[in-house]
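Listing of entry_9.cif; format and content: mmCIF, C-alpha atoms.
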data_target
#
loop_
_atom_site.label_atom_id
_atom_site.label_comp_id
_atom_site.auth_asym_id
_atom_site.auth_seq_id
_atom_site.Cartn_x
_atom_site.Cartn_y
_atom_site.Cartn_z
CA MET O 1 25.34 7.26 -57.34
CA LYS O 2 23.11 10.31 -57.51
CA GLN O 3 22.75 12.53 -60.53
CA SER O 4 20.58 15.33 -61.85
CA ALA O 5 20.07 17.12 -65.16
CA THR O 6 17.84 19.84 -66.53
CA VAL O 7 16.81 20.20 -70.16
CA VAL O 8 14.87 23.16 -71.54
CA PHE O 9 13.24 23.01 -74.97
CA GLU O 10 10.54 24.68 -77.05
CA SER O 11 7.02 23.28 -77.23
CA TYR O 12 7.38 21.85 -80.75
CA SER O 13 5.91 18.38 -81.11
CA VAL O 14 9.19 17.06 -82.53
CA ASN O 15 10.61 17.56 -79.03
CA GLU O 16 8.40 14.80 -77.61
CA GLY O 17 10.90 12.30 -79.03
CA PHE O 18 13.83 14.46 -77.92
CA ALA O 19 12.52 14.49 -74.32
CA ARG O 20 12.10 10.69 -74.37
CA LEU O 21 15.65 10.23 -75.65
CA CYS O 22 17.06 12.62 -73.01
CA ALA O 23 15.25 10.77 -70.21
CA ALA O 24 16.43 7.38 -71.51
CA ALA O 25 20.05 8.54 -71.90
CA PHE O 26 20.01 10.09 -68.42
CA LEU O 27 18.65 6.90 -66.85
CA ALA O 28 20.93 4.45 -68.69
CA PRO O 29 23.88 4.64 -66.22
CA PHE O 30 21.52 3.52 -63.44
CA ASN O 31 21.08 0.21 -65.24
CA PRO O 32 17.26 0.23 -65.33
CA THR O 33 15.29 -2.78 -66.54
CA VAL O 34 13.87 -2.50 -70.06
CA ARG O 35 10.42 -2.11 -68.54
CA GLU O 36 11.51 0.69 -66.18
CA LEU O 37 13.15 2.54 -69.06
CA GLU O 38 10.12 2.17 -71.33
CA ASP O 39 7.73 3.18 -68.52
CA VAL O 40 9.66 6.40 -67.87
CA LYS O 41 9.88 7.19 -71.60
CA THR O 42 6.12 6.72 -72.00
CA ALA O 43 5.30 8.86 -68.94
CA VAL O 44 7.66 11.61 -70.15
CA SER O 45 6.01 11.52 -73.56
CA GLU O 46 2.56 11.97 -71.99
CA ALA O 47 3.60 14.87 -69.75
CA VAL O 48 5.48 16.68 -72.53
CA THR O 49 2.59 16.17 -74.97
CA ASN O 50 0.20 17.64 -72.38
CA ALA O 51 2.45 20.68 -72.02
CA ILE O 52 2.58 21.17 -75.80
CA VAL O 53 -1.11 20.55 -76.55
CA HIS O 54 -2.79 21.97 -73.44
CA GLY O 55 -0.15 24.23 -71.85
CA TYR O 56 0.62 26.18 -75.01
CA PRO O 57 -2.45 25.80 -77.25
CA ASP O 58 -1.87 29.06 -79.14
CA ARG O 59 1.85 29.76 -78.90
CA VAL O 60 5.27 28.20 -78.62
CA GLY O 61 6.64 28.29 -75.11
CA GLN O 62 9.39 26.70 -73.06
CA ILE O 63 9.20 23.34 -71.36
CA GLU O 64 11.65 22.40 -68.64
CA MET O 65 12.42 18.80 -67.79
CA ARG O 66 14.30 18.12 -64.55
CA LEU O 67 15.66 14.64 -64.00
CA ARG O 68 17.01 13.26 -60.73
CA ALA O 69 18.04 9.69 -60.07
CA SER O 70 19.70 7.49 -57.51
CA ASP O 71 20.16 3.73 -57.62
CA LYS O 72 16.67 3.30 -56.17
CA LEU O 73 14.51 6.14 -57.47
CA VAL O 74 14.06 8.32 -60.52
CA THR O 75 12.18 11.62 -60.36
CA VAL O 76 11.05 13.50 -63.47
CA GLU O 77 9.58 16.99 -63.36
CA ILE O 78 7.97 18.50 -66.46
CA MET O 79 7.16 22.19 -66.18
CA ASP O 80 5.58 24.76 -68.49
CA ASP O 81 4.58 28.41 -68.17
CA GLY O 82 1.41 27.92 -70.17
CA VAL O 83 -2.27 28.46 -69.53
CA GLY O 84 -2.46 26.05 -66.59
CA ILE O 85 -5.29 23.74 -65.61
CA ASP O 86 -8.61 25.00 -64.20
CA ASP O 87 -9.56 21.80 -62.44
CA VAL O 88 -6.65 19.42 -61.87
CA GLU O 89 -8.86 16.73 -60.34
CA ALA O 90 -11.11 16.66 -63.41
CA ALA O 91 -8.11 16.67 -65.78
CA ARG O 92 -6.71 13.59 -64.05
CA ARG O 93 -9.92 11.60 -64.55
CA PRO O 94 -9.44 8.77 -67.08
CA PHE O 95 -10.65 9.66 -70.58
CA PHE O 96 -11.25 13.31 -69.63
CA THR O 97 -10.34 15.61 -72.51
CA THR O 98 -10.99 19.22 -73.42
CA CYS O 99 -10.37 18.51 -77.12
CA ALA O 100 -13.66 18.35 -78.96
CA ASP O 101 -12.23 17.05 -82.27
CA GLY O 102 -11.96 13.47 -81.03
CA THR O 103 -8.21 13.17 -81.70
CA ARG O 104 -7.18 12.97 -78.04
CA SER O 105 -7.78 9.86 -75.96
CA GLY O 106 -7.85 11.61 -72.56
CA MET O 107 -5.52 8.94 -71.20
CA GLY O 108 -2.41 11.02 -70.52
CA PHE O 109 -2.60 11.15 -66.73
CA LEU O 110 -3.96 7.59 -66.55
CA VAL O 111 -0.84 6.38 -68.39
CA MET O 112 1.48 8.45 -66.19
CA GLU O 113 -0.19 7.05 -63.06
CA SER O 114 -0.12 3.48 -64.36
CA PHE O 115 3.49 3.51 -65.52
CA MET O 116 5.01 5.50 -62.63
CA ASP O 117 4.74 4.97 -58.86
CA GLU O 118 3.75 8.53 -57.95
CA VAL O 119 2.38 11.47 -59.96
CA ARG O 120 1.80 14.93 -58.53
CA VAL O 121 0.30 17.82 -60.51
CA VAL O 122 0.56 21.46 -59.46
CA SER O 123 -1.27 23.94 -61.67
CA ALA O 124 -3.43 27.05 -61.69
CA PRO O 125 -4.93 29.13 -64.52
CA ASP O 126 -2.26 31.31 -66.18
CA GLU O 127 0.42 29.99 -63.84
CA GLY O 128 1.62 27.00 -65.82
CA THR O 129 1.74 23.35 -64.86
CA ARG O 130 4.27 21.25 -62.99
CA VAL O 131 4.06 17.46 -63.14
CA VAL O 132 6.28 15.50 -60.75
CA MET O 133 6.60 11.77 -61.36
CA LYS O 134 8.56 9.21 -59.37
CA LYS O 135 9.47 5.63 -60.11
CA LYS O 136 11.28 3.17 -57.89
CA LEU O 137 14.09 1.28 -59.59
CA GLU O 138 14.43 -2.43 -59.05
CA SER O 139 17.31 -3.49 -56.80
CA LYS O 140 20.18 -4.99 -58.73
CA PRO O 141 22.58 -7.58 -57.33
CA MET A 1 -7.93 -9.60 -94.94
CA THR A 2 -5.61 -6.67 -95.59
CA ARG A 3 -2.51 -6.28 -93.42
CA ILE A 4 -1.32 -2.71 -92.79
CA LYS A 5 2.03 -2.24 -91.03
CA ILE A 6 2.73 0.70 -88.73
CA ASN A 7 6.45 1.35 -88.25
CA GLY A 8 8.58 3.53 -86.00
CA GLU A 9 7.13 5.72 -83.26
CA LEU A 10 3.49 6.73 -82.86
CA ASP A 11 3.16 9.79 -80.66
CA HIS A 12 1.44 13.18 -80.91
CA HIS A 13 4.15 14.38 -83.31
CA SER A 14 3.63 11.55 -85.82
CA ALA A 15 -0.11 11.07 -85.17
CA GLU A 16 -1.38 13.12 -88.12
CA THR A 17 0.96 11.44 -90.62
CA VAL A 18 0.03 7.97 -89.36
CA ARG A 19 -3.67 8.86 -89.36
CA LYS A 20 -3.52 9.91 -93.03
CA TYR A 21 -1.48 6.82 -93.96
CA LEU A 22 -3.97 4.50 -92.26
CA ASP A 23 -7.02 6.24 -93.73
CA ARG A 24 -5.58 5.98 -97.26
CA ALA A 25 -4.59 2.32 -96.83
CA ILE A 26 -7.94 1.29 -95.32
CA LEU A 27 -9.92 3.17 -97.99
CA LYS A 28 -7.77 1.59 -100.72
CA SER A 29 -8.47 -1.91 -99.39
CA GLY A 30 -11.67 -3.56 -100.49
CA ASP A 31 -11.46 -6.07 -97.64
CA HIS A 32 -13.90 -6.02 -94.77
CA ASP A 33 -11.25 -7.25 -92.32
CA ILE A 34 -8.23 -5.03 -91.69
CA LEU A 35 -5.22 -6.21 -89.66
CA LEU A 36 -3.09 -3.43 -88.18
CA ASP A 37 0.37 -4.96 -87.74
CA LEU A 38 2.34 -3.27 -84.93
CA THR A 39 5.36 -5.61 -85.10
CA GLU A 40 7.68 -2.81 -86.25
CA LEU A 41 6.16 -0.13 -84.01
CA THR A 42 8.85 0.68 -81.46
CA PHE A 43 7.01 3.26 -79.34
CA MET A 44 3.43 4.36 -78.79
CA ASP A 45 1.79 6.57 -76.18
CA SER A 46 -1.83 7.62 -75.60
CA SER A 47 -1.75 9.79 -78.73
CA GLY A 48 -1.39 6.53 -80.65
CA VAL A 49 -4.38 5.09 -78.83
CA GLY A 50 -6.30 8.16 -79.99
CA VAL A 51 -5.27 7.51 -83.60
CA LEU A 52 -6.30 3.83 -83.47
CA LEU A 53 -9.56 4.57 -81.68
CA GLY A 54 -10.31 7.22 -84.30
CA ARG A 55 -9.86 4.64 -87.11
CA TYR A 56 -12.28 2.30 -85.30
CA LYS A 57 -14.90 5.05 -85.17
CA LEU A 58 -14.32 6.22 -88.75
CA PHE A 59 -14.38 2.73 -90.26
CA ALA A 60 -17.18 1.33 -88.13
CA ALA A 61 -18.42 -0.77 -91.06
CA ARG A 62 -15.10 -2.69 -91.20
CA HIS A 63 -13.55 -5.11 -88.72
CA LEU A 64 -10.21 -3.86 -87.45
CA PHE A 65 -7.78 -6.20 -85.65
CA LEU A 66 -4.43 -5.59 -83.94
CA THR A 67 -1.33 -7.78 -83.91
CA GLY A 68 2.35 -7.67 -83.02
CA ALA A 69 2.34 -5.13 -80.17
CA ASN A 70 5.50 -5.28 -78.05
CA GLU A 71 5.14 -5.68 -74.28
CA GLU A 72 4.97 -1.96 -73.47
CA ILE A 73 2.52 -1.14 -76.27
CA ASP A 74 0.45 -4.19 -75.34
CA ARG A 75 0.14 -2.87 -71.75
CA LEU A 76 -0.99 0.50 -73.06
CA ILE A 77 -3.57 -1.09 -75.35
CA ARG A 78 -4.91 -3.21 -72.48
CA LEU A 79 -5.06 -0.15 -70.21
CA SER A 80 -7.10 1.71 -72.81
CA GLY A 81 -9.49 -1.18 -73.45
CA LEU A 82 -8.73 -0.91 -77.17
CA TYR A 83 -8.68 -4.70 -77.61
CA THR A 84 -12.40 -4.78 -76.78
CA VAL A 85 -13.21 -2.92 -80.01
CA MET A 86 -10.15 -3.90 -82.08
CA PRO A 87 -9.52 -7.53 -81.10
CA GLN A 88 -6.04 -8.99 -80.86
CA TRP A 89 -5.29 -11.19 -83.88
CA LYS A 90 -3.31 -14.33 -83.08
CA GLU A 91 -0.82 -14.91 -85.90
CA GLU A 92 -0.74 -18.70 -85.38
CA ALA A 93 -4.43 -18.72 -86.36
CA VAL A 94 -3.63 -17.32 -89.83
#

In structure tokens, what does this structure look like?
Amino acid sequence: MKQSATVVFESYSVNEGFARLCAAAFLAPFNPTVRELEDVKTAVSEAVTNAIVHGYPDRVGQIEMRLRASDKLVTVEIMDDGVGIDDVEAARRPFFTTCADGTRSGMGFLVMESFMDEVRVVSAPDEGTRVVMKKKLESKP
Amino acid sequence: MTRIKINGELDHHSAETVRKYLDRAILKSGDHDILLDLTELTFMDSSGVGVLLGRYKLFAARHLFLTGANEEIDRLIRLSGLYTVMPQWKEEAV
């Protein structure tokens, strides 16, 4: 079975939970393990939080989440039209953060990379950010 | 030792509420040792790590411990190295 879905929502923080629920509901028919499901939910939460906090620091904008899955692979794309990232390589470094108030851990990309099998980030200043994450699903009997 | 329970989901959306709740509860406690009980915490991402790390920095004069993290939250805590500053409390030792 192959399936895809696209969800578009505003960059309100309450939608972090909404995005996690959407991803979990989308993935459920593919019979993921509990760990696979939780890993995807956590990675989605990190990417959506990044879009809200860093993509749209001064305004509310739209975030698009595209989900694709087969029996063996799930792909999640999180896209925003926000301010973009100056230096993607630096942003992906563990514990890197642009927030000076000490409330951010700088672990977002580290978590995405640890909980998913592949993470790709495409971004440029004023051109938004696109995060593509893939996770292999365990073979079921 | 004072036990403080954190319930539900700890993400960027709930971070500020949880931060205020923890700060009030820790300030209210006269105990030096504080046990943060995550047994009823169903979800946490790196925003939660930021909240917990912030309490460690703010209450440097106290000893903060963690207990009850589910498997996924435990992996996140280990990834962050949080257990090195907020050690894992083994319940059987109580």

Wanna dump the chain A-chain O contacts at 12 Å for me, each residue with its shortest atom pair and the distance in Å to one decimal, counting only C-alpha atoms, ordered by chain and number, as CSV?
residue,atom,partner,partner_atom,distance
A:Gly8,CA,O:Gly17,CA,11.4
A:Glu9,CA,O:Gly17,CA,8.7
A:Leu10,CA,O:Gly17,CA,10.0
A:Asp11,CA,O:Ser45,CA,7.8
A:His12,CA,O:Thr49,CA,6.7
A:His13,CA,O:Ser13,CA,4.9
A:Ser14,CA,O:Val14,CA,8.5
A:Ala15,CA,O:Thr103,CA,9.1
A:Glu16,CA,O:Thr103,CA,9.4
A:Arg19,CA,O:Thr103,CA,9.9
A:Thr42,CA,O:Glu38,CA,10.3
A:Phe43,CA,O:Thr42,CA,8.2
A:Met44,CA,O:Thr42,CA,7.7
A:Asp45,CA,O:Thr42,CA,6.0
A:Ser46,CA,O:Met107,CA,5.9
A:Ser47,CA,O:Arg104,CA,6.3
A:Gly48,CA,O:Ser105,CA,8.6
A:Val49,CA,O:Ser105,CA,6.5
A:Gly50,CA,O:Ser105,CA,4.6
A:Val51,CA,O:Thr103,CA,6.7
A:Leu52,CA,O:Thr103,CA,9.7
A:Leu53,CA,O:Ser105,CA,8.0
A:Gly54,CA,O:Thr103,CA,6.8
A:Arg55,CA,O:Thr103,CA,10.2
A:Tyr56,CA,O:Gly102,CA,12.0
A:Lys57,CA,O:Gly102,CA,9.8
A:Leu58,CA,O:Gly102,CA,10.9
A:Asn70,CA,O:Glu38,CA,11.0
A:Glu71,CA,O:Arg35,CA,8.6
A:Glu72,CA,O:Glu38,CA,6.9
A:Ile73,CA,O:Thr42,CA,9.6
A:Arg75,CA,O:Phe115,CA,9.5
A:Leu76,CA,O:Val111,CA,7.5
A:Ile77,CA,O:Val111,CA,10.6
A:Arg78,CA,O:Val111,CA,11.2
A:Leu79,CA,O:Val111,CA,8.0
A:Ser80,CA,O:Met107,CA,7.6
A:Gly81,CA,O:Met107,CA,11.1
A:Leu82,CA,O:Ser105,CA,10.9

Hey, can you check how far atom CA of Ser70 of chain O sits from atom CA of Ser123 of chain O?
27.0 Å

So the first atom is atom CA of Ser29 of chain A and the second is atom CA of Leu41 of chain A; what is the distance between them in Å, to one decimal place?
21.3 Å

Give me the residues near Glu138 of chain O as a list in words, where near means some atom within 9 Å (using only C-alpha atoms) and where sequence neighbours in that chain fewer than 2 positions away do not count.
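My list of contacting residues is Pro32, Thr33, Glu36, Asp71, Lys72, Leu73, Lys136 and Lys140 of chain O.
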
Can you tell me how far atom CA of Asn31 of chain O sits from atom CA of Asp117 of chain O, in Å to one decimal?
18.2 Å
